[in-house]
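Raw contents of work.cif, mmCIF, C-alpha atoms:
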```cif
data_coords
loop_
_atom_site.label_atom_id
_atom_site.label_comp_id
_atom_site.auth_asym_id
_atom_site.auth_seq_id
_atom_site.Cartn_x
_atom_site.Cartn_y
_atom_site.Cartn_z
CA MET H 1 -16.49 -35.69 -17.15
CA SER H 2 -15.98 -37.59 -20.39
CA SER H 3 -16.08 -35.88 -23.76
CA MET H 4 -19.43 -37.49 -24.54
CA GLY H 5 -20.92 -36.25 -21.26
CA ALA H 6 -19.52 -32.77 -21.90
CA ARG H 7 -21.12 -32.68 -25.35
CA ARG H 8 -24.42 -33.81 -23.85
CA GLN H 9 -24.30 -31.05 -21.23
CA LEU H 10 -23.37 -28.51 -23.89
CA ALA H 11 -26.31 -29.54 -26.04
CA GLU H 12 -28.62 -29.27 -23.04
CA ALA H 13 -27.30 -25.81 -22.23
CA THR H 14 -27.83 -24.65 -25.82
CA ARG H 15 -31.37 -26.05 -25.81
CA CYS H 16 -32.24 -24.24 -22.56
CA ALA H 17 -30.80 -20.96 -23.90
CA ASP H 18 -32.89 -21.28 -27.07
CA LEU H 19 -36.01 -22.00 -25.01
CA ALA H 20 -35.32 -18.88 -22.92
CA LEU H 21 -35.14 -16.77 -26.08
CA LYS H 22 -38.43 -18.21 -27.30
CA VAL H 23 -40.06 -17.44 -23.96
CA LEU H 24 -38.88 -13.82 -24.12
CA LYS H 25 -40.46 -13.43 -27.57
CA ARG H 26 -43.92 -14.23 -26.21
CA PHE H 27 -46.55 -11.57 -25.75
CA ARG H 28 -46.87 -9.97 -22.37
CA VAL H 29 -49.69 -11.26 -20.14
CA ASP H 30 -51.52 -8.37 -18.49
CA ASN H 31 -52.35 -10.07 -15.22
CA ALA H 32 -48.85 -11.63 -14.96
CA PRO H 33 -46.37 -9.26 -16.68
CA GLY H 34 -43.31 -10.83 -15.10
CA MET H 35 -44.19 -14.45 -15.79
CA LYS H 36 -42.13 -14.76 -18.96
CA TYR H 37 -39.09 -13.26 -17.22
CA ILE H 38 -39.37 -15.78 -14.39
CA GLU H 39 -39.64 -18.65 -16.86
CA ALA H 40 -36.73 -17.33 -18.96
CA ARG H 41 -34.64 -16.99 -15.83
CA GLU H 42 -35.27 -20.64 -14.99
CA TYR H 43 -34.10 -21.71 -18.43
CA TYR H 44 -31.01 -19.49 -18.26
CA ASP H 45 -30.25 -20.92 -14.82
CA ARG H 46 -30.41 -24.45 -16.22
CA ALA H 47 -28.23 -23.41 -19.14
CA ALA H 48 -25.64 -21.90 -16.79
CA ARG H 49 -25.44 -25.07 -14.72
CA ALA H 50 -25.11 -27.17 -17.87
CA PHE H 51 -22.35 -24.90 -19.21
CA ALA H 52 -20.55 -25.22 -15.86
CA ALA H 53 -20.79 -29.01 -16.04
CA ALA H 54 -19.48 -28.92 -19.61
CA GLY H 55 -16.44 -26.88 -18.53
CA LYS H 56 -17.40 -23.59 -20.21
CA PRO H 57 -17.03 -20.89 -17.51
CA GLU H 58 -17.35 -17.96 -19.95
CA TYR H 59 -20.68 -19.22 -21.33
CA CYS H 60 -21.80 -20.03 -17.79
CA ALA H 61 -21.06 -16.48 -16.66
CA ASP H 62 -22.95 -15.08 -19.67
CA ALA H 63 -25.99 -17.21 -18.77
CA PHE H 64 -25.88 -16.05 -15.15
CA ASP H 65 -25.63 -12.46 -16.40
CA LYS H 66 -28.85 -13.00 -18.34
CA CYS H 67 -30.42 -14.43 -15.17
CA ALA H 68 -29.45 -11.25 -13.32
CA ASP H 69 -30.96 -9.19 -16.14
CA MET H 70 -34.20 -11.14 -15.90
CA SER H 71 -34.28 -10.59 -12.15
CA ALA H 72 -33.73 -6.86 -12.64
CA ARG H 73 -36.77 -6.71 -14.94
CA LEU H 74 -38.96 -8.08 -12.17
CA SER H 75 -40.24 -6.31 -9.08
CA ARG H 76 -38.08 -5.19 -6.11
CA GLY H 77 -38.56 -8.58 -4.45
CA ALA H 78 -36.24 -10.15 -7.04
CA THR H 79 -33.24 -8.00 -6.05
CA LEU H 80 -31.79 -10.78 -3.88
CA GLU H 81 -31.78 -13.17 -6.85
CA ALA H 82 -30.08 -10.52 -8.99
CA VAL H 83 -27.36 -10.12 -6.35
CA TYR H 84 -26.84 -13.88 -6.27
CA PHE H 85 -26.45 -14.12 -10.04
CA HIS H 86 -24.08 -11.14 -10.21
CA VAL H 87 -21.89 -12.70 -7.54
CA ARG H 88 -21.83 -15.99 -9.46
CA CYS H 89 -20.75 -14.11 -12.58
CA GLY H 90 -17.99 -12.36 -10.66
CA GLU H 91 -16.69 -15.61 -9.20
CA LEU H 92 -16.53 -17.22 -12.64
CA LEU H 93 -14.77 -14.26 -14.26
CA GLU H 94 -12.22 -13.46 -11.52
CA GLU H 95 -9.35 -15.34 -13.16
CA ASN H 96 -10.02 -14.66 -16.85
CA ASP H 97 -11.56 -11.16 -16.83
CA PRO H 98 -11.08 -9.31 -13.50
CA THR H 99 -12.45 -6.04 -14.90
CA GLU H 100 -15.76 -7.62 -15.89
CA ALA H 101 -15.87 -9.44 -12.54
CA CYS H 102 -15.49 -6.11 -10.72
CA GLU H 103 -18.45 -4.70 -12.67
CA HIS H 104 -20.64 -7.61 -11.61
CA TYR H 105 -19.46 -7.28 -8.00
CA ALA H 106 -20.26 -3.55 -8.12
CA ASP H 107 -23.82 -4.29 -9.33
CA ALA H 108 -24.19 -6.89 -6.57
CA CYS H 109 -22.86 -4.37 -4.02
CA ASP H 110 -25.47 -1.82 -5.10
CA GLY H 111 -28.19 -4.43 -4.74
CA CYS H 112 -26.98 -5.35 -1.26
CA CYS H 113 -27.06 -1.68 -0.25
CA ASP H 114 -30.67 -1.47 -1.46
CA LEU H 115 -31.50 -4.52 0.64
CA GLY H 116 -29.62 -3.27 3.70
CA GLU H 117 -27.10 -6.14 3.57
CA TRP H 118 -24.18 -3.98 4.61
CA GLY H 119 -21.92 -6.87 5.58
CA THR H 120 -22.21 -8.54 2.17
CA ALA H 121 -21.84 -5.16 0.45
CA ALA H 122 -18.62 -4.51 2.39
CA GLU H 123 -17.24 -7.92 1.47
CA LEU H 124 -17.98 -7.27 -2.21
CA ARG H 125 -16.39 -3.82 -2.00
CA TYR H 126 -13.29 -5.42 -0.47
CA ARG H 127 -13.12 -7.89 -3.37
CA ILE H 128 -13.38 -5.03 -5.84
CA ALA H 129 -10.52 -3.20 -4.14
CA HIS H 130 -8.26 -6.24 -4.50
CA LEU H 131 -9.33 -7.28 -8.00
CA THR H 132 -9.18 -3.90 -9.69
CA GLU H 133 -5.96 -3.45 -11.68
CA TYR H 134 -4.80 -0.08 -10.42
CA ALA H 135 -1.86 1.72 -11.94
CA ASP H 136 1.46 1.60 -10.12
CA ASP H 137 1.67 5.39 -9.91
CA ALA H 138 0.44 7.61 -7.09
CA VAL H 139 -3.01 8.06 -8.67
CA GLY H 140 -3.61 4.30 -8.84
CA GLN H 141 -2.50 3.77 -5.25
CA ASP H 142 -4.72 6.64 -4.13
CA GLU H 143 -7.70 4.97 -5.82
CA ARG H 144 -6.88 1.70 -4.04
CA VAL H 145 -6.76 3.52 -0.69
CA LEU H 146 -10.15 5.12 -1.36
CA ALA H 147 -11.63 1.73 -2.28
CA LEU H 148 -10.30 0.15 0.91
CA ARG H 149 -11.65 3.04 2.97
CA GLY H 150 -15.03 2.59 1.30
CA ALA H 151 -15.00 -1.09 2.28
CA ALA H 152 -14.00 -0.13 5.83
CA ASP H 153 -16.89 2.34 6.08
CA MET H 154 -19.32 -0.35 4.91
CA TYR H 155 -17.94 -2.80 7.44
CA GLY H 156 -18.37 -0.15 10.12
CA ALA H 157 -21.98 0.45 9.10
CA ALA H 158 -22.66 -3.29 9.16
CA ALA H 159 -21.05 -3.64 12.59
CA GLN H 160 -23.17 -0.82 14.04
CA ARG H 161 -26.41 -2.21 12.64
CA LEU H 162 -25.75 -5.86 13.39
CA ASN H 163 -23.60 -5.44 16.52
CA ASP H 164 -21.22 -7.96 15.02
CA GLU H 165 -17.63 -7.98 16.27
CA THR H 166 -16.48 -9.81 13.14
CA LYS H 167 -17.45 -6.82 11.03
CA HIS H 168 -15.48 -4.56 13.39
CA CYS H 169 -12.42 -6.76 12.84
CA ARG H 170 -12.85 -6.59 9.07
CA ARG H 171 -13.23 -2.81 9.28
CA ARG H 172 -9.97 -2.56 11.20
CA GLU H 173 -8.23 -4.80 8.67
CA CYS H 174 -9.32 -2.62 5.74
CA THR H 175 -8.36 0.55 7.59
CA LEU H 176 -4.91 -0.78 8.46
CA GLU H 177 -4.31 -2.02 4.92
CA ALA H 178 -5.16 1.42 3.56
CA ALA H 179 -2.79 3.00 6.11
CA ARG H 180 0.05 0.69 5.04
CA ILE H 181 -0.41 1.68 1.40
CA GLU H 182 -0.53 5.36 2.34
CA ALA H 183 2.74 5.10 4.23
CA LEU H 184 4.73 3.00 1.76
CA GLU H 185 3.39 4.01 -1.65
CA LEU H 186 2.06 7.55 -1.13
CA GLU H 187 4.45 8.69 1.66
CA ARG H 188 1.59 10.14 3.71
CA TYR H 189 3.27 9.25 6.95
CA ASP H 190 1.24 11.62 9.12
CA LYS H 191 -2.10 10.18 8.01
CA ALA H 192 -0.88 6.61 8.40
CA ALA H 193 0.46 7.36 11.89
CA ASP H 194 -2.90 8.80 12.96
CA VAL H 195 -4.74 5.73 11.65
CA PHE H 196 -2.43 3.30 13.46
CA GLU H 197 -2.79 5.28 16.68
CA LYS H 198 -6.57 5.38 16.36
CA VAL H 199 -6.89 1.63 15.80
CA ALA H 200 -4.48 0.93 18.67
CA THR H 201 -6.62 3.09 20.97
CA GLU H 202 -9.67 1.07 19.90
CA CYS H 203 -7.84 -2.15 20.71
CA LEU H 204 -7.17 -0.91 24.26
CA GLN H 205 -10.92 -0.88 24.89
CA ASP H 206 -11.13 -4.65 24.35
CA ASN H 207 -9.23 -7.04 26.61
CA LEU H 208 -8.94 -9.59 23.80
CA LEU H 209 -7.30 -7.09 21.46
CA GLN H 210 -4.95 -5.33 23.85
CA ALA H 211 -2.07 -7.54 22.75
CA ASN H 212 -2.22 -5.87 19.31
CA ALA H 213 -1.93 -2.35 20.70
CA THR H 214 1.84 -2.52 21.26
CA ARG H 215 2.53 -3.39 17.63
CA LEU H 216 0.14 -0.71 16.34
CA PHE H 217 1.69 1.96 18.57
CA PHE H 218 5.07 0.83 17.23
CA LYS H 219 3.89 1.30 13.64
CA SER H 220 2.46 4.73 14.42
CA ALA H 221 5.73 5.93 15.96
CA LEU H 222 7.70 4.36 13.11
CA CYS H 223 5.68 6.38 10.56
CA SER H 224 6.50 9.58 12.44
CA LEU H 225 10.15 8.54 12.61
CA VAL H 226 10.33 7.97 8.86
CA ALA H 227 8.63 11.34 8.34
CA GLY H 228 11.58 12.97 10.11
CA GLU H 229 9.62 14.19 13.16
CA ASN H 230 12.18 13.13 15.75
CA ASP H 231 10.93 15.37 18.54
CA LEU H 232 7.36 14.18 17.95
CA VAL H 233 8.52 10.57 18.19
CA ARG H 234 9.92 11.10 21.69
CA GLY H 235 6.66 12.71 22.78
CA LYS H 236 4.60 9.93 21.23
CA LEU H 237 6.61 7.24 22.97
CA GLU H 238 6.03 8.92 26.32
CA ILE H 239 2.28 9.26 25.67
CA PHE H 240 1.94 5.69 24.41
CA GLY H 241 3.86 4.40 27.40
CA ASP H 242 1.55 6.20 29.82
CA ARG H 243 -1.53 5.05 27.91
CA PHE H 244 -0.47 1.40 27.75
CA LEU H 245 2.04 0.26 30.36
CA GLU H 246 3.09 -2.82 28.44
CA PHE H 247 4.27 -0.64 25.58
CA GLY H 248 6.27 1.47 28.01
CA ALA H 249 8.30 -1.62 29.02
CA SER H 250 8.40 -3.22 25.57
CA PRO H 251 11.41 -3.76 23.29
CA GLU H 252 9.55 -1.81 20.60
CA ARG H 253 9.77 1.41 22.59
CA GLN H 254 13.46 0.93 23.37
CA PHE H 255 14.21 0.15 19.73
CA LEU H 256 12.50 3.33 18.55
CA LEU H 257 14.42 5.37 21.13
CA ASP H 258 17.72 3.86 19.98
CA VAL H 259 16.97 4.47 16.30
CA ASN H 260 15.87 8.02 17.02
CA ALA H 261 19.12 8.67 18.91
CA CYS H 262 21.18 7.22 16.04
CA ILE H 263 19.42 9.44 13.51
CA GLN H 264 19.88 12.58 15.60
CA ARG H 265 23.59 12.00 16.19
CA GLU H 266 25.63 15.08 15.24
CA PRO H 267 27.20 15.91 12.88
CA LEU H 268 26.28 12.70 11.08
CA GLY H 269 23.84 9.92 11.93
CA ASP H 270 25.24 6.77 13.49
CA TYR H 271 24.64 4.26 10.70
CA ASP H 272 26.49 1.43 12.43
CA GLY H 273 24.44 1.96 15.58
CA PHE H 274 21.25 1.92 13.49
CA CYS H 275 22.19 -1.42 11.92
CA ASP H 276 23.07 -2.89 15.33
CA ALA H 277 19.74 -1.71 16.79
CA CYS H 278 17.79 -3.31 13.93
CA TYR H 279 19.69 -6.57 14.26
CA ASN H 280 19.27 -6.75 18.02
CA PHE H 281 15.56 -5.94 17.84
CA ASN H 282 14.96 -8.56 15.14
CA THR H 283 16.39 -11.22 17.44
CA VAL H 284 13.75 -10.35 20.04
CA ARG H 285 10.75 -9.39 17.92
CA GLU H 286 9.94 -10.48 14.39
CA LEU H 287 9.72 -7.67 11.84
CA ASP H 288 7.07 -8.09 9.15
CA VAL H 289 7.46 -7.03 5.52
CA TRP H 290 5.93 -3.59 6.08
CA ASP H 291 8.28 -2.89 9.01
CA LEU H 292 11.30 -3.91 6.95
CA LYS H 293 10.27 -1.69 4.05
CA MET H 294 9.81 1.28 6.35
CA LEU H 295 13.21 0.66 7.94
CA LYS H 296 14.64 0.34 4.43
CA VAL H 297 13.49 3.93 3.82
CA LEU H 298 15.46 5.03 6.89
CA ASP H 299 18.43 2.93 5.79
CA ASP H 300 18.49 4.48 2.32
CA ARG H 301 18.14 7.95 3.78
CA MET H 302 21.05 7.46 6.18
CA LYS H 303 23.17 5.97 3.39
CA ASP H 304 22.44 8.97 1.18
CA GLU H 305 23.37 11.33 3.99
CA TYR H 306 26.57 9.39 4.63
CA GLU H 307 27.49 9.36 0.92
CA THR H 308 26.70 13.06 0.67
CA HIS H 309 28.89 13.72 3.70
CA LEU H 310 31.75 11.70 2.18
CA TYR H 311 31.34 13.54 -1.11
CA GLU H 312 31.45 16.91 0.64
CA GLU H 313 34.48 15.82 2.65
CA GLU H 314 36.19 14.73 -0.55
CA ARG H 315 35.38 18.06 -2.16
CA ARG H 316 36.70 19.98 0.85
CA ARG H 317 39.83 17.85 0.89
CA ALA H 318 40.37 18.43 -2.82
CA ARG H 319 39.73 22.16 -2.40
CA ARG H 320 42.24 22.29 0.48
CA ALA H 321 44.80 20.41 -1.58
CA ARG H 322 44.32 22.81 -4.50
CA LYS H 323 44.74 25.78 -2.18
CA GLU H 324 47.92 24.31 -0.69
CA LYS H 325 49.24 23.56 -4.16
CA LYS H 326 48.49 27.10 -5.30
CA ALA H 327 50.12 28.50 -2.17
CA LEU H 328 53.20 26.36 -2.77
CA GLU H 329 53.36 27.41 -6.41
CA GLU H 330 52.98 31.05 -5.39
CA LYS H 331 55.76 30.63 -2.86
CA GLU H 332 58.03 29.07 -5.47
CA ARG H 333 57.18 31.87 -7.89
CA GLN H 334 58.07 34.50 -5.29
CA LYS H 335 61.38 32.71 -4.67
CA ARG H 336 62.14 32.69 -8.39
CA ILE H 337 61.28 36.37 -8.62
CA ALA H 338 63.54 37.11 -5.68
CA ARG H 339 66.41 35.11 -7.22
CA ASP H 340 65.97 36.82 -10.58
CA GLU H 341 65.94 40.23 -8.94
CA GLU H 342 69.05 39.39 -6.95
CA ARG H 343 70.79 38.17 -10.12
CA ARG H 344 69.90 41.39 -11.95
CA VAL H 345 71.29 43.44 -9.06
CA ARG H 346 74.57 41.51 -9.15
CA ASP H 347 74.80 41.79 -12.91
CA LYS H 348 74.20 45.52 -12.70
CA GLN H 349 76.87 45.91 -9.99
CA SER H 350 79.36 43.94 -12.12
CA THR H 351 78.64 46.12 -15.15
CA ASP H 352 79.10 49.31 -13.15
CA PHE H 353 82.37 48.04 -11.73
CA LEU H 354 83.77 47.30 -15.18
#
```

Can you present the structure in this file as structure tokens?
Amino acid sequence: MSSMGARRQLAEATRCADLALKVLKRFRVDNAPGMKYIEAREYYDRAARAFAAAGKPEYCADAFDKCADMSARLSRGATLEAVYFHVRCGELLEENDPTEACEHYADACDGCCDLGEWGTAAELRYRIAHLTEYADDAVGQDERVLALRGAADMYGAAAQRLNDETKHCRRRECTLEAARIEALELERYDKAADVFEKVATECLQDNLLQANATRLFFKSALCSLVAGENDLVRGKLEIFGDRFLEFGASPERQFLLDVNACIQREPLGDYDGFCDACYNFNTVRELDVWDLKMLKVLDDRMKDEYETHLYEEERRRARRARKEKKALEEKERQKRIARDEERRVRDKQSTDFL
């Protein structure tokens, strides 16, 4: 739009906003108490569209916020319009002010819950979970996990009420995303393993989703492996193989068995065998970013154990060398003492002879 057209739209938006303020200053009509709010909302809606055409997203979002406020002043039947205006505000503020956008999405989510629109409420809750700027510490990641679980619960409620398979898929996605964060950021490997196993069991009930079960069983066993529960991993692999035959004959199961054997090697884990197993498996199956990060935890742990073992060996070697040196010095000292004693005896014998 040209500069002249933008100025024209901006003037129109300002005029509509002023008209809305004048309408709100009117006296209340007894038989139509919400009439002035409806009329003001129309003017604010026009102002918002004009601000959008003029390239002023902040002013447009402010006008839509006033539209939502006008809708909230009306009866319960205007809740849907309030949700619409809050969502428009959130979409306009996502890039410039994510915190304010999350507040508008939260208000829209509450309105959707009042209306029974659980699917839309879950989608808004999912947006909030991704837009909120959580801290990088454990508390922030825990809040993100709770937000994702809240979105998953809403998706589950929507799927039960609407019998919609899409909502079930979204619920599984939110649940798995929360499990990934729990495993990587919070180190709650047991909880993450249970979630992966539960979702994999759900996938076995659907013929179209059975292909995902192998990968989810793999992630569940990998969480237990990173947690250091080596005996539990062997039992899980047997149970998963009996539950899903394709997993029992899959490269994922063999890879986990090989890694588990390398970790349990005595007296020190087989780091070279672990690296070879990871390389060979990656040539057959593609490892995603989460898998690589989890294997990086195992890699760092085995490296630390290997470095600790080398350090202890070096200390033992140094201690043995010091002991040998002390023993040698003590032996030399005893020899010197013996020589000195022998010399004193000879000197004494020579003196007595003279």

| message | List as a ChimeraX atom specification the protein and nucleic acid residues near Asp110 of chain H, meaning an atom at most 12 Å away when all atoms listed in the file are counted, but skip any in the same chain fewer than 2 places from it. | response | /H:79-80,82-83,86-87,103-108,112-118,120-122,124-125,154

Output file for the selection above: C-alpha atoms, as a PDB file, keeping the file's coordinate frame:
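Done, and the output landed in again_25.pdb:
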```
ATOM      1  CA  THR H  79     -33.240  -8.000  -6.050  1.00  0.00           C
ATOM      2  CA  LEU H  80     -31.790 -10.780  -3.880  1.00  0.00           C
ATOM      3  CA  ALA H  82     -30.080 -10.520  -8.990  1.00  0.00           C
ATOM      4  CA  VAL H  83     -27.360 -10.120  -6.350  1.00  0.00           C
ATOM      5  CA  HIS H  86     -24.080 -11.140 -10.210  1.00  0.00           C
ATOM      6  CA  VAL H  87     -21.890 -12.700  -7.540  1.00  0.00           C
ATOM      7  CA  GLU H 103     -18.450  -4.700 -12.670  1.00  0.00           C
ATOM      8  CA  HIS H 104     -20.640  -7.610 -11.610  1.00  0.00           C
ATOM      9  CA  TYR H 105     -19.460  -7.280  -8.000  1.00  0.00           C
ATOM     10  CA  ALA H 106     -20.260  -3.550  -8.120  1.00  0.00           C
ATOM     11  CA  ASP H 107     -23.820  -4.290  -9.330  1.00  0.00           C
ATOM     12  CA  ALA H 108     -24.190  -6.890  -6.570  1.00  0.00           C
ATOM     13  CA  CYS H 112     -26.980  -5.350  -1.260  1.00  0.00           C
ATOM     14  CA  CYS H 113     -27.060  -1.680  -0.250  1.00  0.00           C
ATOM     15  CA  ASP H 114     -30.670  -1.470  -1.460  1.00  0.00           C
ATOM     16  CA  LEU H 115     -31.500  -4.520   0.640  1.00  0.00           C
ATOM     17  CA  GLY H 116     -29.620  -3.270   3.700  1.00  0.00           C
ATOM     18  CA  GLU H 117     -27.100  -6.140   3.570  1.00  0.00           C
ATOM     19  CA  TRP H 118     -24.180  -3.980   4.610  1.00  0.00           C
ATOM     20  CA  THR H 120     -22.210  -8.540   2.170  1.00  0.00           C
ATOM     21  CA  ALA H 121     -21.840  -5.160   0.450  1.00  0.00           C
ATOM     22  CA  ALA H 122     -18.620  -4.510   2.390  1.00  0.00           C
ATOM     23  CA  LEU H 124     -17.980  -7.270  -2.210  1.00  0.00           C
ATOM     24  CA  ARG H 125     -16.390  -3.820  -2.000  1.00  0.00           C
ATOM     25  CA  MET H 154     -19.320  -0.350   4.910  1.00  0.00           C
TER      26      MET H 154
END
```

Put a box with edges along x, y and z around all the listed atoms of segment 327-330 of chain H, pad it by 3 Å on each side, then give me its centre and sizes in Å, one decimal, as AutoDock Vina command-line options.
```
--center_x 51.7 --center_y 28.7 --center_z -4.3 --size_x 9.2 --size_y 10.7 --size_z 10.2
```

| message | I'd like the residues picked by the PyMOL selection byres ((chain H and resi 262) around 12) written out as a ChimeraX atom specification, using the chain letters and numbers from the file. | response | /H:225,230,255-261,263-278,298-299,302

| said: On this structure, the PyMOL selection byres ((chain H and resi 198) around 12) would catch which residues? List them as a ChimeraX atom specification, sorted by chain and number. | reply: /H:172,175-176,179,191-197,199-205,213,216-217,219-220,240

| Got a sec to resolve the PyMOL selection byres ((chain H and resi 2-12) around 7) on this structure and send the residues as a PyMOL selection string? | chain H and resi 1+13-16+50-51+53-54

Excluding Leu184 of chain H and its own-chain neighbours fewer than 6 positions away, which residues fall within 8 Å of it when counting only C-alpha atoms? Please give them as a PDB file with C-alpha atoms, in the frame of the given file.
```pdb
ATOM      1  CA  TRP H 290       5.930  -3.590   6.080  1.00  0.00           C
ATOM      2  CA  LYS H 293      10.270  -1.690   4.050  1.00  0.00           C
ATOM      3  CA  MET H 294       9.810   1.280   6.350  1.00  0.00           C
TER       4      MET H 294
END
```

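Nearest-residue note for Leu19 of chain H: choosing from H:Ala221, H:Leu92, H:Ala47, H:Leu148, the minimum distance belongs to H:Ala47, counting all atoms listed in the file.
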
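Each of H:Gln141, H:Thr351, H:Thr132, H:Thr308 was checked against Ile181 of chain H using only C-alpha atoms; the smallest atom-to-atom distance is that of H:Gln141.
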
| request: Might you pull out every residue within 12 Å of Asp18 of chain H, with all atoms listed in the file counted and same-chain residues fewer than 6 positions away left off, and present them as number ranges by chain? | output: H: 11-12, 24-25, 40, 43-44, 46-47, 63

| field | Nearby residues, (-17.0, -15.1, -11.0) file frame, 12 Å, all atoms listed in the file, as JSON, numbers by chain | value | {"H": [52, 57, 58, 59, 60, 61, 62, 64, 65, 84, 85, 86, 87, 88, 89, 90, 91, 92, 93, 94, 95, 96, 97, 98, 99, 100, 101, 102, 103, 104, 105, 108, 124, 127, 128, 131]}

Export of prior selection with C-alpha atoms as a PDB file, in the coordinates of the input:
```
ATOM      1  CA  ALA H  52     -20.550 -25.220 -15.860  1.00  0.00           C
ATOM      2  CA  PRO H  57     -17.030 -20.890 -17.510  1.00  0.00           C
ATOM      3  CA  GLU H  58     -17.350 -17.960 -19.950  1.00  0.00           C
ATOM      4  CA  TYR H  59     -20.680 -19.220 -21.330  1.00  0.00           C
ATOM      5  CA  CYS H  60     -21.800 -20.030 -17.790  1.00  0.00           C
ATOM      6  CA  ALA H  61     -21.060 -16.480 -16.660  1.00  0.00           C
ATOM      7  CA  ASP H  62     -22.950 -15.080 -19.670  1.00  0.00           C
ATOM      8  CA  PHE H  64     -25.880 -16.050 -15.150  1.00  0.00           C
ATOM      9  CA  ASP H  65     -25.630 -12.460 -16.400  1.00  0.00           C
ATOM     10  CA  TYR H  84     -26.840 -13.880  -6.270  1.00  0.00           C
ATOM     11  CA  PHE H  85     -26.450 -14.120 -10.040  1.00  0.00           C
ATOM     12  CA  HIS H  86     -24.080 -11.140 -10.210  1.00  0.00           C
ATOM     13  CA  VAL H  87     -21.890 -12.700  -7.540  1.00  0.00           C
ATOM     14  CA  ARG H  88     -21.830 -15.990  -9.460  1.00  0.00           C
ATOM     15  CA  CYS H  89     -20.750 -14.110 -12.580  1.00  0.00           C
ATOM     16  CA  GLY H  90     -17.990 -12.360 -10.660  1.00  0.00           C
ATOM     17  CA  GLU H  91     -16.690 -15.610  -9.200  1.00  0.00           C
ATOM     18  CA  LEU H  92     -16.530 -17.220 -12.640  1.00  0.00           C
ATOM     19  CA  LEU H  93     -14.770 -14.260 -14.260  1.00  0.00           C
ATOM     20  CA  GLU H  94     -12.220 -13.460 -11.520  1.00  0.00           C
ATOM     21  CA  GLU H  95      -9.350 -15.340 -13.160  1.00  0.00           C
ATOM     22  CA  ASN H  96     -10.020 -14.660 -16.850  1.00  0.00           C
ATOM     23  CA  ASP H  97     -11.560 -11.160 -16.830  1.00  0.00           C
ATOM     24  CA  PRO H  98     -11.080  -9.310 -13.500  1.00  0.00           C
ATOM     25  CA  THR H  99     -12.450  -6.040 -14.900  1.00  0.00           C
ATOM     26  CA  GLU H 100     -15.760  -7.620 -15.890  1.00  0.00           C
ATOM     27  CA  ALA H 101     -15.870  -9.440 -12.540  1.00  0.00           C
ATOM     28  CA  CYS H 102     -15.490  -6.110 -10.720  1.00  0.00           C
ATOM     29  CA  GLU H 103     -18.450  -4.700 -12.670  1.00  0.00           C
ATOM     30  CA  HIS H 104     -20.640  -7.610 -11.610  1.00  0.00           C
ATOM     31  CA  TYR H 105     -19.460  -7.280  -8.000  1.00  0.00           C
ATOM     32  CA  ALA H 108     -24.190  -6.890  -6.570  1.00  0.00           C
ATOM     33  CA  LEU H 124     -17.980  -7.270  -2.210  1.00  0.00           C
ATOM     34  CA  ARG H 127     -13.120  -7.890  -3.370  1.00  0.00           C
ATOM     35  CA  ILE H 128     -13.380  -5.030  -5.840  1.00  0.00           C
ATOM     36  CA  LEU H 131      -9.330  -7.280  -8.000  1.00  0.00           C
TER      37      LEU H 131
END
```

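When only C-alpha atoms are used to measure the gap to Asp190 of chain H, the shortest distance among H:Cys169, H:Leu209, H:Val226, H:Ala159 belongs to H:Val226.
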
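If you look at atom CA of Leu186 of chain H and atom CA of Asp142 of chain H, they are 7.5 Å away from each other.
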
| note | Residue with the minimum atom-to-atom distance to Glu39 of chain H, picked from H:Lys348, H:Leu237, H:Asp231, H:Cys67 with only C-alpha atoms counted, is H:Cys67

| task | Find, counting all atoms listed in the file, the residue in H:Gly111, H:Arg73, H:Ala151, H:Asp347 that gets nearest to His130 of chain H. | result |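 Smallest distance to His130 of chain H is found for H:Ala151.
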